[in-house]
$ cat coords-v8.cif   # mmCIF, C-alpha atoms
data_data
loop_
_atom_site.label_atom_id
_atom_site.label_comp_id
_atom_site.auth_asym_id
_atom_site.auth_seq_id
_atom_site.Cartn_x
_atom_site.Cartn_y
_atom_site.Cartn_z
CA MET A 13 -35.26 75.57 55.65
CA THR A 14 -32.79 73.85 57.96
CA TYR A 15 -31.86 70.15 57.66
CA LEU A 16 -30.46 68.05 60.39
CA ASN A 17 -27.49 66.17 59.01
CA LEU A 18 -27.70 62.73 60.62
CA LEU A 19 -24.82 61.43 58.47
CA ASN A 20 -22.45 64.17 59.54
CA SER A 21 -20.21 61.69 61.32
CA ARG A 22 -19.67 59.84 57.95
CA ASN A 23 -18.39 62.96 56.18
CA SER A 24 -14.98 62.45 57.64
CA GLU A 25 -14.88 58.95 56.07
CA GLY A 26 -15.03 60.44 52.56
CA GLU A 27 -18.75 59.77 52.14
CA SER A 28 -20.32 62.02 49.57
CA ASN A 29 -23.01 64.31 50.71
CA GLU A 30 -24.78 63.76 47.39
CA VAL A 31 -27.66 61.93 49.10
CA LEU A 32 -28.49 65.04 50.93
CA LEU A 33 -29.06 67.06 47.76
CA GLN A 34 -32.49 67.65 46.28
CA TYR A 35 -33.05 66.37 42.72
CA SER A 36 -36.40 67.92 42.04
CA ASP A 37 -35.53 68.67 38.39
CA GLU A 38 -34.50 65.07 37.70
CA ARG A 39 -37.50 63.77 39.60
CA ASN A 40 -39.83 66.06 37.66
CA ARG A 41 -38.23 64.89 34.42
CA GLY A 42 -38.82 61.29 35.43
CA ILE A 43 -42.37 62.04 36.42
CA LEU A 44 -42.88 63.76 33.06
CA VAL A 45 -41.52 60.82 31.09
CA GLY A 46 -43.53 58.35 33.19
CA SER A 47 -46.63 60.48 32.75
CA VAL A 48 -46.05 60.58 29.00
CA PHE A 49 -46.00 56.79 28.90
CA LEU A 50 -49.12 56.62 31.03
CA THR A 51 -50.90 59.31 29.00
CA ILE A 52 -50.05 57.63 25.71
CA SER A 53 -51.43 54.33 26.99
CA PHE A 54 -54.48 56.08 28.35
CA LEU A 55 -55.06 57.92 25.07
CA ILE A 56 -54.69 54.70 23.10
CA LEU A 57 -57.24 53.08 25.37
CA ILE A 58 -59.62 56.03 25.18
CA SER A 59 -59.32 56.20 21.38
CA ILE A 60 -60.10 52.50 21.09
CA ILE A 61 -63.07 52.87 23.42
CA PHE A 62 -64.33 55.80 21.33
CA LYS A 63 -63.77 53.82 18.18
CA GLY A 64 -65.86 51.05 19.75
CA PHE A 65 -68.66 53.48 20.57
CA PHE A 66 -68.51 54.92 17.07
CA LEU A 67 -68.64 51.47 15.45
CA ASP A 68 -71.48 50.49 17.76
CA TYR A 69 -73.35 53.64 16.77
CA ARG A 70 -72.86 52.82 13.09
CA LYS A 71 -73.92 49.25 13.77
CA ARG A 72 -77.20 50.49 15.23
CA ILE A 73 -78.01 52.26 11.97
CA TYR A 74 -78.18 48.85 10.28
CA VAL A 75 -80.05 47.06 13.07
CA ASN A 76 -83.48 47.30 11.40
CA ASP A 77 -82.10 46.07 8.09
CA VAL A 78 -80.34 43.20 9.81
CA PHE A 79 -83.47 42.30 11.76
CA THR A 80 -85.49 42.25 8.53
CA TYR A 81 -82.72 40.28 6.81
CA ASP A 82 -82.56 37.61 9.54
CA GLU A 83 -86.34 37.38 9.77
CA THR A 84 -86.60 37.04 5.98
CA VAL A 85 -83.89 34.36 5.89
CA ILE A 86 -85.79 32.33 8.51
CA LYS A 87 -89.02 32.79 6.55
CA ILE A 88 -87.29 31.69 3.33
CA GLN A 89 -85.96 28.59 5.07
CA LYS A 90 -89.45 27.74 6.32
CA LEU A 91 -91.00 28.34 2.90
CA LYS A 92 -88.32 26.25 1.20
CA LYS A 93 -88.92 23.41 3.64
CA GLU A 94 -92.66 23.61 3.01
CA TYR A 95 -92.04 23.84 -0.75
CA LYS A 96 -89.86 20.75 -0.63
CA ILE A 97 -92.56 18.77 1.18
CA ILE A 98 -95.30 19.90 -1.23
CA GLU A 99 -93.08 19.29 -4.25
CA ASN A 100 -92.19 15.85 -2.95
CA ASP A 101 -95.89 15.01 -2.43
CA ASN A 102 -96.70 16.32 -5.91
CA ASN A 103 -93.96 14.19 -7.46
CA LYS A 104 -95.25 11.12 -5.62
CA ILE A 105 -98.79 11.83 -6.84
CA ILE A 106 -97.62 12.38 -10.42
CA LYS A 107 -95.48 9.24 -10.38
CA SER A 108 -98.26 7.09 -9.01
CA ILE A 109 -100.78 8.44 -11.53
CA ILE A 110 -98.40 7.80 -14.44
CA ALA A 111 -97.64 4.32 -13.12
CA LEU A 112 -101.34 3.37 -13.05
CA ARG A 113 -102.60 0.63 -15.31
CA SER A 114 -105.32 1.33 -17.82
CA ASN A 115 -107.57 -1.73 -17.81
CA LEU A 116 -109.25 -0.44 -20.93
CA ASP A 117 -105.87 -0.47 -22.66
CA ILE A 118 -105.24 -3.99 -21.39
CA LEU A 119 -108.54 -5.35 -22.68
CA ILE A 120 -108.06 -3.66 -26.06
CA GLY A 121 -104.48 -4.98 -26.18
CA LEU A 122 -105.60 -8.51 -25.32
CA LYS A 123 -108.22 -8.48 -28.03
CA GLN A 124 -105.53 -7.54 -30.55
CA ILE A 125 -103.06 -10.27 -29.60
CA MET A 126 -105.49 -13.16 -29.19
CA PRO A 127 -105.15 -15.73 -32.02
CA ARG A 128 -108.25 -16.42 -34.13
CA ASP A 129 -109.42 -19.73 -32.71
CA LEU A 130 -108.49 -18.98 -29.12
CA TYR A 131 -111.27 -18.05 -26.71
CA LEU A 132 -111.05 -17.07 -23.09
CA ASP A 133 -113.51 -18.66 -20.68
CA SER A 134 -112.34 -16.48 -17.86
CA LEU A 135 -109.85 -13.76 -17.16
CA LYS A 136 -108.86 -12.89 -13.63
CA ILE A 137 -106.85 -9.78 -12.85
CA SER A 138 -105.98 -9.33 -9.23
CA GLY A 139 -103.40 -6.68 -8.49
CA ASN A 140 -100.58 -7.51 -10.89
CA LYS A 141 -101.46 -11.16 -11.36
CA VAL A 142 -103.43 -12.35 -14.37
CA ILE A 143 -104.88 -15.77 -15.00
CA PHE A 144 -106.08 -16.64 -18.49
CA ASN A 145 -108.37 -19.61 -18.76
CA GLY A 146 -109.61 -20.52 -22.22
CA ASN A 147 -110.02 -23.03 -25.00
CA VAL A 148 -109.01 -23.63 -28.59
CA LYS A 149 -111.23 -25.58 -30.94
CA ASN A 150 -108.61 -26.50 -33.47
CA SER A 151 -106.42 -29.52 -34.13
CA LEU A 152 -103.39 -27.19 -33.85
CA GLY A 153 -104.60 -26.12 -30.41
CA VAL A 154 -101.26 -26.48 -28.63
CA LYS A 155 -99.51 -24.39 -31.29
CA ILE A 156 -102.17 -21.69 -31.06
CA ILE A 157 -101.92 -21.61 -27.26
CA ASN A 158 -98.16 -21.34 -27.56
CA ALA A 159 -98.53 -18.53 -30.09
CA PHE A 160 -100.77 -16.74 -27.57
CA LYS A 161 -98.11 -17.23 -24.90
CA LEU A 162 -95.47 -15.74 -27.21
CA GLN A 163 -97.72 -12.78 -27.92
CA LEU A 164 -98.12 -12.23 -24.17
CA ILE A 165 -94.34 -12.39 -23.72
CA LYS A 166 -93.89 -9.87 -26.53
CA SER A 167 -96.55 -7.58 -25.12
CA PRO A 168 -95.10 -4.62 -23.19
CA LEU A 169 -97.87 -5.04 -20.61
CA PHE A 170 -96.44 -8.19 -19.05
CA VAL A 171 -93.23 -9.24 -17.37
CA ALA A 172 -91.86 -11.65 -19.97
CA ASP A 173 -90.57 -14.20 -17.44
CA SER A 174 -93.88 -14.30 -15.63
CA VAL A 175 -95.86 -15.70 -18.58
CA ASN A 176 -96.26 -19.41 -17.97
CA ILE A 177 -98.54 -22.07 -19.36
CA VAL A 178 -99.78 -23.86 -16.26
CA ASP A 179 -101.90 -26.44 -17.95
CA ILE A 180 -103.11 -27.62 -21.39
CA LYS A 181 -105.72 -30.35 -21.56
CA TYR A 182 -107.56 -31.91 -24.41
CA GLU A 183 -111.27 -32.25 -23.69
CA ASP A 184 -113.04 -34.96 -25.68
CA SER A 185 -116.56 -33.75 -24.97
CA SER A 186 -116.01 -30.35 -26.53
CA ASP A 187 -113.20 -31.43 -28.89
CA SER A 188 -111.07 -28.54 -27.69
CA PHE A 189 -107.84 -27.77 -25.90
CA ILE A 190 -108.35 -26.11 -22.54
CA PHE A 191 -105.51 -24.02 -21.18
CA LEU A 192 -104.47 -22.04 -18.14
CA ILE A 193 -101.84 -19.31 -18.43
CA ASN A 194 -100.47 -17.20 -15.58
CA ALA A 195 -98.79 -13.86 -16.11
CA SER A 196 -97.88 -10.72 -14.21
CA PHE A 197 -98.35 -7.14 -15.29
CA LEU A 198 -95.43 -4.77 -15.13
CA GLU A 199 -95.42 -3.25 -11.66
CA ASP A 200 -94.80 0.21 -13.07
CA MET A 201 -96.45 1.15 -16.35
CA THR A 202 -94.78 4.57 -16.47
CA ASN A 203 -92.74 4.11 -19.63
CA LEU A 204 -95.60 2.45 -21.45
CA ASN A 205 -98.03 5.17 -20.40
CA LEU A 206 -95.61 7.96 -21.31
CA ALA A 207 -95.13 6.44 -24.75
CA LYS A 208 -98.89 6.29 -25.26
CA ILE A 209 -99.61 9.90 -24.28
CA SER A 210 -98.22 11.07 -27.59
CA ASN A 211 -101.06 9.29 -29.40
CA ARG A 212 -103.77 11.94 -29.29
CA ASN A 213 -106.45 9.38 -30.23
CA ASN A 214 -106.01 7.47 -27.01
CA LYS A 215 -109.00 7.58 -24.77
CA GLY A 216 -109.89 7.03 -21.14
CA PHE A 217 -107.01 7.17 -18.71
CA PHE A 218 -104.60 8.51 -21.35
CA LYS A 219 -106.82 11.56 -21.82
CA LYS A 220 -106.11 12.41 -18.17
CA LEU A 221 -102.38 11.94 -18.75
CA LEU A 222 -102.65 14.19 -21.78
CA ILE A 223 -104.32 16.88 -19.65
CA MET A 224 -101.49 16.49 -17.14
CA GLU A 225 -98.93 16.84 -19.91
CA GLU A 226 -100.66 19.92 -21.29
CA ASN A 227 -100.56 21.44 -17.81
CA LYS A 228 -96.80 20.68 -17.68
CA LEU A 229 -97.30 18.26 -14.82
CA ILE A 230 -95.51 15.49 -16.67
CA ASP A 231 -91.87 15.85 -17.48
CA HIS A 232 -90.92 12.98 -19.79
CA ASN A 233 -87.25 13.11 -18.87
CA LYS A 234 -87.90 13.30 -15.14
CA ASN A 235 -90.68 10.73 -15.01
CA SER A 236 -89.38 8.03 -17.32
CA LEU A 237 -87.69 5.11 -15.64
CA MET B 17 -6.97 55.38 27.37
CA LYS B 18 -9.45 52.88 28.48
CA LYS B 19 -12.80 54.00 29.80
CA SER B 20 -14.81 51.59 31.75
CA LYS B 21 -18.53 52.28 31.85
CA GLU B 22 -20.05 51.31 35.10
CA PHE B 23 -23.70 51.69 35.75
CA LYS B 24 -24.21 53.34 39.06
CA LEU B 25 -27.64 53.94 40.42
CA THR B 26 -26.99 57.27 41.96
CA PRO B 27 -29.75 59.12 43.80
CA LYS B 28 -29.77 61.57 40.93
CA LEU B 29 -30.38 58.85 38.38
CA ALA B 30 -32.89 57.13 40.62
CA SER B 31 -34.89 60.35 40.90
CA THR B 32 -35.40 60.21 37.15
CA ILE B 33 -35.68 56.50 36.58
CA ILE B 34 -38.08 55.57 39.34
CA PRO B 35 -40.95 57.81 38.14
CA VAL B 36 -40.24 56.60 34.58
CA ILE B 37 -40.36 52.96 35.70
CA ILE B 38 -43.55 53.62 37.66
CA GLY B 39 -45.05 55.29 34.55
CA VAL B 40 -44.02 52.41 32.28
CA LEU B 41 -45.33 49.85 34.74
CA CYS B 42 -48.64 51.67 35.14
CA SER B 43 -49.06 52.07 31.38
CA SER B 44 -48.17 48.41 30.80
CA THR B 45 -50.71 47.37 33.41
CA LEU B 46 -53.30 49.67 31.85
CA LEU B 47 -52.58 48.29 28.38
CA SER B 48 -52.58 44.67 29.43
CA LEU B 49 -55.67 44.95 31.60
CA GLY B 50 -57.63 47.44 29.52
CA LEU B 51 -56.37 47.60 25.97
CA PHE B 52 -56.52 43.95 24.94
CA PRO B 53 -60.03 43.19 26.19
CA VAL B 54 -61.35 46.51 24.86
CA ASN B 55 -59.57 46.01 21.56
CA ASN B 56 -61.02 42.51 21.21
CA LYS B 57 -64.48 43.83 21.86
CA VAL B 58 -63.99 46.61 19.33
CA LYS B 59 -62.73 44.07 16.81
CA LYS B 60 -65.86 42.04 17.42
CA ILE B 61 -68.04 45.11 16.96
CA SER B 62 -66.13 45.91 13.78
CA GLN B 63 -66.72 42.41 12.44
CA GLU B 64 -70.40 42.69 13.34
CA LEU B 65 -70.55 46.02 11.58
CA ASP B 66 -69.07 44.47 8.45
CA GLU B 67 -71.59 41.67 8.69
CA PHE B 68 -74.42 44.18 9.21
CA LYS B 69 -73.23 46.20 6.22
CA THR B 70 -73.17 43.06 4.06
CA LYS B 71 -76.63 42.04 5.24
CA SER B 72 -77.95 45.54 4.64
CA SER B 73 -76.55 45.57 1.11
CA GLU B 74 -78.01 42.11 0.43
CA LEU B 75 -81.42 42.92 1.90
CA ASP B 76 -83.02 43.66 -1.45
CA LEU B 77 -81.66 40.44 -2.84
CA ILE B 78 -83.04 38.48 0.12
CA LEU B 79 -86.43 40.16 -0.15
CA ASN B 80 -86.53 39.27 -3.85
CA ASN B 81 -85.53 35.73 -2.97
CA TYR B 82 -88.35 35.63 -0.42
CA LYS B 83 -90.86 36.78 -3.03
CA LYS B 84 -89.51 34.20 -5.48
CA THR B 85 -89.80 31.42 -2.87
CA GLN B 86 -93.35 32.53 -2.02
CA TYR B 87 -94.18 32.45 -5.72
CA GLU B 88 -92.68 28.96 -6.09
CA LEU B 89 -94.61 27.73 -3.06
CA ARG B 90 -97.83 29.16 -4.43
CA GLY B 91 -97.01 27.37 -7.70
CA ALA B 92 -96.45 24.08 -5.86
CA TYR B 93 -99.79 24.46 -4.03
CA GLN B 94 -101.48 25.30 -7.32
CA THR B 95 -99.93 22.18 -8.88
CA GLN B 96 -101.17 20.12 -5.95
CA SER B 97 -104.63 21.61 -6.34
CA ASN B 98 -104.57 20.76 -10.07
CA LEU B 99 -103.42 17.23 -9.26
CA ILE B 100 -106.19 16.85 -6.69
CA ASP B 101 -108.66 18.00 -9.33
CA ILE B 102 -107.27 15.35 -11.67
CA ILE B 103 -107.46 12.67 -8.95
CA ALA B 104 -110.76 13.57 -7.41
CA GLY B 105 -112.49 15.83 -9.91
CA ASN B 106 -114.99 18.38 -8.73
CA THR B 107 -118.04 16.22 -8.43
CA ASP B 108 -119.22 14.52 -5.29
CA LEU B 109 -118.47 10.82 -4.95
CA LYS B 110 -121.96 10.37 -3.53
CA THR B 111 -123.23 10.56 -7.11
CA LEU B 112 -120.72 7.93 -8.30
CA PHE B 113 -123.19 5.05 -8.11
CA ALA B 114 -125.71 7.01 -10.15
CA LYS B 115 -123.03 7.82 -12.71
CA ILE B 116 -121.87 4.21 -12.97
CA ASN B 117 -125.47 3.17 -13.40
CA ALA B 118 -125.96 5.75 -16.15
CA LEU B 119 -122.76 4.65 -17.91
CA ALA B 120 -123.78 1.00 -17.69
CA PHE B 121 -127.14 1.89 -19.21
CA GLU B 122 -125.44 3.89 -22.00
CA THR B 123 -123.15 1.00 -22.88
CA SER B 124 -125.84 -1.72 -22.60
CA ILE B 125 -124.22 -3.32 -19.58
CA LYS B 126 -126.42 -4.71 -16.87
CA ILE B 127 -125.42 -4.06 -13.27
CA ASP B 128 -126.16 -7.11 -11.14
CA ASN B 129 -124.71 -5.88 -7.92
CA ILE B 130 -122.85 -2.85 -6.69
CA LYS B 131 -121.56 -2.35 -3.18
CA PRO B 132 -119.10 -0.05 -1.48
CA ILE B 133 -116.28 -1.97 0.18
CA LYS B 134 -114.45 0.66 2.12
CA VAL B 135 -113.43 4.28 2.32
CA ILE B 136 -109.81 5.09 3.13
CA ASN B 137 -108.69 8.57 4.00
CA SER B 138 -105.46 10.04 5.31
CA ASN B 139 -106.63 9.56 8.91
CA ASN B 140 -107.44 5.88 8.76
CA LYS B 141 -104.99 4.68 6.10
CA GLU B 142 -102.19 3.79 8.52
CA GLU B 143 -104.54 2.32 11.05
CA ASP B 144 -106.25 0.33 8.31
CA GLN B 145 -102.92 -0.90 6.99
CA GLU B 146 -101.91 -2.13 10.44
CA THR B 147 -105.15 -3.92 11.23
CA ASN B 148 -105.95 -5.41 7.85
CA LYS B 149 -102.66 -6.63 6.45
CA SER B 150 -104.31 -9.74 5.08
CA ASP B 151 -107.16 -7.81 3.51
CA LYS B 152 -106.80 -7.70 -0.28
CA TYR B 153 -108.23 -4.18 -0.38
CA SER B 154 -105.63 -2.89 2.04
CA LEU B 155 -102.61 -3.94 0.03
CA ASN B 156 -102.02 -0.56 -1.50
CA ASN B 157 -103.21 1.70 1.25
CA ASN B 158 -99.87 3.42 1.31
CA ASP B 159 -101.25 5.25 -1.66
CA PRO B 160 -99.77 8.71 -2.36
CA LEU B 161 -103.05 9.62 -4.01
CA ILE B 162 -104.66 9.62 -0.56
CA THR B 163 -103.85 13.09 0.72
CA PRO B 164 -105.43 15.16 3.48
CA ASN B 165 -107.67 16.55 0.72
CA THR B 166 -108.61 13.26 -0.95
CA PHE B 167 -109.99 9.88 0.04
CA LYS B 168 -110.17 6.57 -1.70
CA GLN B 169 -113.31 4.50 -2.10
CA ILE B 170 -113.32 0.88 -3.15
CA ILE B 171 -116.47 -0.39 -4.83
CA SER B 172 -117.27 -3.87 -5.98
CA ILE B 173 -119.45 -4.16 -9.07
CA GLU B 174 -120.92 -7.21 -10.77
CA LEU B 175 -121.89 -6.66 -14.38
CA VAL B 176 -123.26 -8.67 -17.25
CA GLY B 177 -122.51 -7.68 -20.83
CA SER B 178 -120.50 -8.33 -23.94
CA TYR B 179 -116.76 -7.82 -24.27
CA ASP B 180 -117.16 -4.82 -26.58
CA ASN B 181 -119.72 -3.23 -24.30
CA LEU B 182 -117.39 -3.82 -21.39
CA ILE B 183 -114.63 -1.99 -23.28
CA ASN B 184 -117.00 0.92 -23.92
CA PHE B 185 -118.03 0.89 -20.29
CA LEU B 186 -114.40 0.91 -19.09
CA GLN B 187 -113.56 3.68 -21.52
CA LYS B 188 -116.37 5.83 -20.17
CA ILE B 189 -115.41 4.99 -16.59
CA GLU B 190 -111.77 5.95 -17.21
CA MET B 191 -112.92 9.22 -18.72
CA MET B 192 -114.90 10.18 -15.64
CA GLU B 193 -113.84 13.29 -13.78
CA ASN B 194 -112.59 11.30 -10.81
CA LEU B 195 -109.53 9.15 -11.29
CA ILE B 196 -110.76 5.58 -11.39
CA SER B 197 -108.55 2.55 -11.42
CA ILE B 198 -109.49 -1.08 -11.40
CA ASN B 199 -107.87 -3.14 -8.70
CA SER B 200 -109.23 -6.46 -9.78
CA LEU B 201 -111.21 -7.69 -12.73
CA ARG B 202 -112.73 -11.11 -13.25
CA LEU B 203 -114.41 -12.03 -16.51
CA LYS B 204 -116.30 -15.22 -16.94
CA SER B 205 -118.25 -16.48 -19.86
CA SER B 206 -121.78 -16.69 -18.47
CA ARG B 207 -123.29 -19.19 -20.88
CA GLY B 208 -120.42 -21.58 -21.13
CA LYS B 209 -119.32 -19.87 -24.33
CA SER B 210 -116.13 -17.86 -24.64
CA TYR B 211 -116.32 -14.09 -24.65
CA LYS B 212 -114.73 -13.47 -27.97
CA GLU B 213 -117.89 -14.64 -29.61
CA GLU B 214 -120.26 -11.92 -30.73
CA ASN B 215 -123.16 -11.06 -28.42
CA ASN B 216 -121.89 -13.43 -25.80
CA ASN B 217 -122.71 -12.25 -22.31
CA LEU B 218 -119.91 -12.16 -19.77
CA ARG B 219 -120.15 -12.01 -16.05
CA ILE B 220 -117.79 -9.31 -14.92
CA ASN B 221 -116.63 -8.57 -11.41
CA LEU B 222 -114.77 -5.33 -10.90
CA ASP B 223 -113.20 -3.79 -7.84
CA ILE B 224 -113.11 -0.13 -8.68
CA ILE B 225 -110.97 2.37 -6.84
CA SER B 226 -112.17 5.93 -7.07
CA TYR B 227 -110.95 9.08 -5.40
CA GLY B 228 -112.96 11.93 -3.98
CA LYS B 229 -112.33 15.23 -2.30
CA THR B 230 -112.74 15.49 1.43
CA ASN B 231 -115.07 18.22 2.60
CA GLY B 232 -113.33 21.44 3.61
#
$ encode --input "coords-v8.cif" --output "structure tokens"
Amino acid sequence: MTYLNLLNSRNSEGESNEVLLQYSDERNRGILVGSVFLTISFLILISIIFKGFFLDYRKRIYVNDVFTYDETVIKIQKLKKEYKIIENDNNKIIKSIIALRSNLDILIGLKQIMPRDLYLDSLKISGNKVIFNGNVKNSLGVKIINAFKLQLIKSPLFVADSVNIVDIKYEDSSDSFIFLINASFLEDMTNLNLAKISNRNNKGFFKKLLIMEENKLIDHNKNSL
Amino acid sequence: MKKSKEFKLTPKLASTIIPVIIGVLCSSTLLSLGLFPVNNKVKKISQELDEFKTKSSELDLILNNYKKTQYELRGAYQTQSNLIDIIAGNTDLKTLFAKINALAFETSIKIDNIKPIKVINSNNKEEDQETNKSDKYSLNNNDPLITPNTFKQIISIELVGSYDNLINFLQKIEMMENLISINSLRLKSSRGKSYKEENNNLRINLDIISYGKTNG
């Protein structure tokens, strides 16, 4: 192969003719080193891609399990939500049953606390309010009426502060003291009712509470106020 | 002797360095453009795999948990059903009047008047509460005992009888299968005598609240 030396004129000026030489060995070495770098990077990339494929393949093995898992978790959440609502409703029902007032118990209780000479002409129970209207045929009428008031205050059925004597009048025609007493029942009879369940001889409403207790529907610790 | 090292980019050196630099540049570009995104994706897949493995190993636990929750829910429904039985019993409220009449007869109480006031169910309880705020029977319509399966019936009864017979009557009423509560009670001595006296007849007005099961 013949080369045309275009720089021949510069040879006389001491210019090296090195530029005219071929460095194919050095160039090949450089290409080899460069290729090594490139190959290493490429291999790293390929290995990572393969690793990704391998992990993805392994991931697919668990897909069914994971699908079942996720579906089950959602179902559990739904069931728990439903359970909470039902449980909440049940607790409300239980609480309102336990808080109910047994009118039978009230009438029996009243009969027990009424003093001997005191008679009721009328008794009005409306919601929680009670109005006692009665008479006492006794010279100690006022004392007896007051004793009745104290018994009402002591009774666990009534709010102590709500028991008030509204009026006491002496009536000549019947020779008796006529009185009017207002009182309020406890809004929530839970504690009283819970205490009475233990008495197995109780009847009426308490029998129902006893059935509830036997069916483990009443938890004394949870339901007491 | 002092040697000074001078870097000279000779054509010989350049023949080696330039392909090396090109290789390094290409590999750097490949790594920066390809490796990092791919590596991030692989990391993500690896994390997902770990998560999948954990979920797979916990699957039995979750399935047991599901069964347990189902069992608890069934228990809660069973409790509700028991409570509804306690509130409303199993007998039809249509026979309530007949039962009250029979109980009154048993306890020597005379029924003067008996009339149904209203029926409140879960559909009309809110509506009823809104429209009849002044109505004395609507005061406690926000009653948890009114469920989609139960309804509440208010009945007004006028009775005549003695105090002891009234107690027997109330006892029998409270022992009925349906939960019965008394919203209001008015006793009045009917002959001008007080009701503690033996054989004295009282006039008794009761507003009875009873609960029944809705059909279906």
$ resolve_selection --input "coords-v8.cif" --expression "the PyMOL selection byres ((chain B and resi 188) around 12)" --output "ChimeraX atom specification"
/A:115-116,215-217,219 /B:115-123,181-187,189-196
$ atom_distance --input "coords-v8.cif" --atom1 "CA of Ile34 (chain B)" --atom2 "CA of Tyr35 (chain A)"
12.4 Å
$ closest_residue --input "coords-v8.cif" --among "A:Ile110, A:Val171, A:Leu152, A:Leu222" --to "Met201 (chain A)" --atoms "all atoms listed in the file"
A:Ile110
$ resolve_selection --input "coords-v8.cif" --expression "the PyMOL selection byres ((chain A and resi 102) around 12)" --output "short mmCIF file (atom, residue, chain, number, x, y, z; two decimals) with C-alpha atoms, in the frame of the given file"
data_model
loop_
_atom_site.label_atom_id
_atom_site.label_comp_id
_atom_site.auth_asym_id
_atom_site.auth_seq_id
_atom_site.Cartn_x
_atom_site.Cartn_y
_atom_site.Cartn_z
CA TYR A 95 -92.04 23.84 -0.75
CA LYS A 96 -89.86 20.75 -0.63
CA ILE A 97 -92.56 18.77 1.18
CA ILE A 98 -95.30 19.90 -1.23
CA GLU A 99 -93.08 19.29 -4.25
CA ASN A 100 -92.19 15.85 -2.95
CA ASP A 101 -95.89 15.01 -2.43
CA ASN A 103 -93.96 14.19 -7.46
CA LYS A 104 -95.25 11.12 -5.62
CA ILE A 105 -98.79 11.83 -6.84
CA ILE A 106 -97.62 12.38 -10.42
CA LYS A 107 -95.48 9.24 -10.38
CA SER A 108 -98.26 7.09 -9.01
CA ILE A 109 -100.78 8.44 -11.53
CA LEU A 229 -97.30 18.26 -14.82
CA ILE A 230 -95.51 15.49 -16.67
CA LEU B 89 -94.61 27.73 -3.06
CA GLY B 91 -97.01 27.37 -7.70
CA ALA B 92 -96.45 24.08 -5.86
CA TYR B 93 -99.79 24.46 -4.03
CA GLN B 94 -101.48 25.30 -7.32
CA THR B 95 -99.93 22.18 -8.88
CA GLN B 96 -101.17 20.12 -5.95
CA SER B 97 -104.63 21.61 -6.34
CA ASN B 98 -104.57 20.76 -10.07
CA LEU B 99 -103.42 17.23 -9.26
CA ILE B 100 -106.19 16.85 -6.69
CA ILE B 103 -107.46 12.67 -8.95
CA PRO B 160 -99.77 8.71 -2.36
CA LEU B 161 -103.05 9.62 -4.01
CA ILE B 162 -104.66 9.62 -0.56
CA THR B 163 -103.85 13.09 0.72
#
$ resolve_selection --input "coords-v8.cif" --expression "the PyMOL selection byres ((chain A and resi 148) around 12)" --output "ChimeraX atom specification"
/A:126-133,145-147,149-160,180-183,186-192 /B:209-210,212
$ write_last_selection --input "coords-v8.cif" --atoms "C-alpha atoms" --output "compact mmCIF listing (two decimals), in the coordinates of the input"
# COMPACT_ATOMS: atom_id res chain seq x y z
CA MET A 126 -105.49 -13.16 -29.19
CA PRO A 127 -105.15 -15.73 -32.02
CA ARG A 128 -108.25 -16.42 -34.13
CA ASP A 129 -109.42 -19.73 -32.71
CA LEU A 130 -108.49 -18.98 -29.12
CA TYR A 131 -111.27 -18.05 -26.71
CA LEU A 132 -111.05 -17.07 -23.09
CA ASP A 133 -113.51 -18.66 -20.68
CA ASN A 145 -108.37 -19.61 -18.76
CA GLY A 146 -109.61 -20.52 -22.22
CA ASN A 147 -110.02 -23.03 -25.00
CA LYS A 149 -111.23 -25.58 -30.94
CA ASN A 150 -108.61 -26.50 -33.47
CA SER A 151 -106.42 -29.52 -34.13
CA LEU A 152 -103.39 -27.19 -33.85
CA GLY A 153 -104.60 -26.12 -30.41
CA VAL A 154 -101.26 -26.48 -28.63
CA LYS A 155 -99.51 -24.39 -31.29
CA ILE A 156 -102.17 -21.69 -31.06
CA ILE A 157 -101.92 -21.61 -27.26
CA ASN A 158 -98.16 -21.34 -27.56
CA ALA A 159 -98.53 -18.53 -30.09
CA PHE A 160 -100.77 -16.74 -27.57
CA ILE A 180 -103.11 -27.62 -21.39
CA LYS A 181 -105.72 -30.35 -21.56
CA TYR A 182 -107.56 -31.91 -24.41
CA GLU A 183 -111.27 -32.25 -23.69
CA SER A 186 -116.01 -30.35 -26.53
CA ASP A 187 -113.20 -31.43 -28.89
CA SER A 188 -111.07 -28.54 -27.69
CA PHE A 189 -107.84 -27.77 -25.90
CA ILE A 190 -108.35 -26.11 -22.54
CA PHE A 191 -105.51 -24.02 -21.18
CA LEU A 192 -104.47 -22.04 -18.14
CA LYS B 209 -119.32 -19.87 -24.33
CA SER B 210 -116.13 -17.86 -24.64
CA LYS B 212 -114.73 -13.47 -27.97
$ atom_distance --input "coords-v8.cif" --atom1 "CA of Leu175 (chain B)" --atom2 "CA of Ser205 (chain B)"
11.8 Å
$ closest_residue --input "coords-v8.cif" --among "A:Lys90, A:Lys136, A:Lys63, A:Lys123" --to "chain B" --atoms "all atoms listed in the file"
A:Lys136
$ atom_distance --input "coords-v8.cif" --atom1 "CA of Lys161 (chain A)" --atom2 "CA of Ile137 (chain A)"
16.6 Å
$ closest_residue --input "coords-v8.cif" --among "A:Lys208, A:Arg39, A:Lys87, A:Lys93" --to "chain B" --atoms "only C-alpha atoms"
A:Arg39
$ closest_residue --input "coords-v8.cif" --among "A:Phe197, A:Tyr69, A:Phe62, A:Tyr81" --to "chain B" --atoms "all atoms listed in the file"
A:Tyr81
